[in-house]
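Undergrad: Sharing a structure here in structure tokens format.
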Amino acid sequence: IDKVAGGDVSSPYNKAVLKFGANSIIDDSVIISITPLRKEELAQVISPGIEPIGAFFKLQPIGIKINQDNPGILYVRYTNKELRDAGIDPAQMTLYKIGNAGELVPISTSRVQDPWLTGLYDPDNPESIATISVPVYSFSYYFALPTLKVPVFNITENKVGTEVVSINGSTDPNLVVEIFVHSSSQGTVQADASGNFVFENIKLVEGSNTITGKATKLITSNTSYSSLESSPTAVFL
């Protein structure tokens, strides 16, 4: 890829395409590759119990410097058969990457019209292709998992008169929900079989309090993955 002009890189069979605009890459012109991998090839990298939709995609070279204001865009394509085998709609997929500490990092994912094909995904057409995309700020392993519902907090009043409050909301059934006030964790609760949850004794500070949360799916005692963080909600005391 030329650092000034940018360009495209494709995996075999164009299953994944990485597009860089002009001046997206800070490093001098480099050779970039996208390698599709099976789960069995990542036994030392990925935790047991993680079942991606389709392949993992390894973006190399790790450590490449990318303009954070002008990142690359990764497009990943899924065949109708892959989606049917997974029993999932492409609108319910989130791309993750493996972080520096081995954690699974969710990325805001868009379902897009494929820039290289004509028309949107048609579930009734066996030849149809679904394409999702994410911004790429660093190279790692990228893969798709079923989307976890971001917690929705039922905060009807943005101004309260007591520093200790209860906050309820909803997510997917049985997920573990963590709530944050000013980015500081205030604990976790598990949603019930209907996806409802309640946090008791959440302590606020005088003035504006920014409330966010995320939901986590526990797969094994050592394996889990989380949703994106919810949009912030301000509560005033």
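To be explicit about the labels: the chains of the structure tokens are called A, B, and onward in the order shown, and within each one the residues are counted from 1, while ligands get numbers from 1 in the order they are shown.
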For Phe20 of chain A, list every protein, DNA or RNA residue within 8 Å, evaluated using only C-alpha atoms, and leave out those in the same chain fewer than 4 positions away; present the list as a ChimeraX atom specification.

TA: /A:6-8,24-25,71-73

Undergrad: Identify all residues of segment 81-198 of chain A in alpha helix (DSSP H) (DSSP on the backbone) and supply them as number ranges by chain.

TA: A: 81-86

Undergrad: Could those residues be written to a file, using N, CA and C atoms, as a PDB file, in the first residue's frame?

TA:
ATOM      1  N   LYS A  81     -25.302 -19.113   2.687  1.00  0.00           N
ATOM      2  CA  LYS A  81     -25.145 -20.390   3.385  1.00  0.00           C
ATOM      3  C   LYS A  81     -24.505 -20.196   4.757  1.00  0.00           C
ATOM      4  N   GLU A  82     -23.477 -19.346   4.847  1.00  0.00           N
ATOM      5  CA  GLU A  82     -22.838 -19.103   6.140  1.00  0.00           C
ATOM      6  C   GLU A  82     -23.846 -18.532   7.139  1.00  0.00           C
ATOM      7  N   LEU A  83     -24.667 -17.608   6.664  1.00  0.00           N
ATOM      8  CA  LEU A  83     -25.637 -16.985   7.561  1.00  0.00           C
ATOM      9  C   LEU A  83     -26.731 -17.964   7.959  1.00  0.00           C
ATOM     10  N   ARG A  84     -27.181 -18.771   7.023  1.00  0.00           N
ATOM     11  CA  ARG A  84     -28.217 -19.759   7.340  1.00  0.00           C
ATOM     12  C   ARG A  84     -27.684 -20.823   8.290  1.00  0.00           C
ATOM     13  N   ASP A  85     -26.430 -21.251   8.075  1.00  0.00           N
ATOM     14  CA  ASP A  85     -25.840 -22.248   8.973  1.00  0.00           C
ATOM     15  C   ASP A  85     -25.726 -21.704  10.386  1.00  0.00           C
ATOM     16  N   ALA A  86     -25.455 -20.401  10.502  1.00  0.00           N
ATOM     17  CA  ALA A  86     -25.347 -19.771  11.822  1.00  0.00           C
ATOM     18  C   ALA A  86     -26.709 -19.374  12.376  1.00  0.00           C
TER      19      ALA A  86
END

Undergrad: Which residue is closest to Glu127 of chain A? Choose from A:Tyr78, A:Tyr13, A:Tyr142, A:Phe56 and count only C-alpha atoms.

TA: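 So, comparing all the options, the nearest one is A:Tyr78.
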
Undergrad: Compare A:Gln60, A:Asn14, A:Thr162, A:Thr188 by their minimum atom-to-atom distance to Val30 of chain A, counting only C-alpha atoms, and give me the closest one.

TA: A:Gln60

Undergrad: Pick out the closest residue to Val177 of chain A from this set: A:Leu42, A:Ile32, A:Leu148, A:Leu18. Count only C-alpha atoms.

TA: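 Between A:Leu42, A:Ile32, A:Leu148, A:Leu18, the residue approaching Val177 of chain A most closely is A:Leu148.
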
Undergrad: What's the separation between atom CA of Asp172 of chain A and atom CA of Gly187 of chain A, in Å to one decimal place?

TA: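 Computing the Euclidean distance for atom CA of Asp172 of chain A and atom CA of Gly187 of chain A yields 18.1 Å.
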
Undergrad: Write out as a count of residues only all residues of segment 38-133 of chain A that backbone DSSP assigns to strand (DSSP E or B).

TA: 35

Undergrad: Env of Ile34 of chain A: 9 Å cut, atoms = only C-alpha atoms, seq-sep filter 5 positions within chain, self excluded. Answer as a list in words.

TA: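 So, after excluding close chain neighbours, the residues are Val9, Ser10, Ser11, Pro12, Ala16, Val17, Leu18, Phe57, Lys58, Leu59 and Gln60 of chain A.
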
Undergrad: What is the distance, in Å and to one decimal place, between atom CA of Phe236 of chain A and atom CA of Val181 of chain A?

TA: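 A separation of 11.9 Å between them.
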
Undergrad: Skip Thr109 of chain A itself and residues of its chain fewer than 5 positions away, then list as a list in words all residues within 9 Å of it, counting only C-alpha atoms.

TA: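 Once the nearby chain positions are removed, what remains is Met93, Thr94, Leu95, Ile132, Ser133, Val134 and Pro135 of chain A.
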
Undergrad: Work out how far atom CA of Lys149 of chain A is from atom CA of Ala234 of chain A, in Å to one decimal.

TA: 20.6 Å

Undergrad: Tell me which protein, DNA and RNA residues are within 12 Å of Val152 of chain A, counting only C-alpha atoms, leaving out same-chain ones fewer than 6 positions away, and put them as a PyMOL selection string.

TA: chain A and resi 167-172+177-179+191+195-198+211-215+227-233
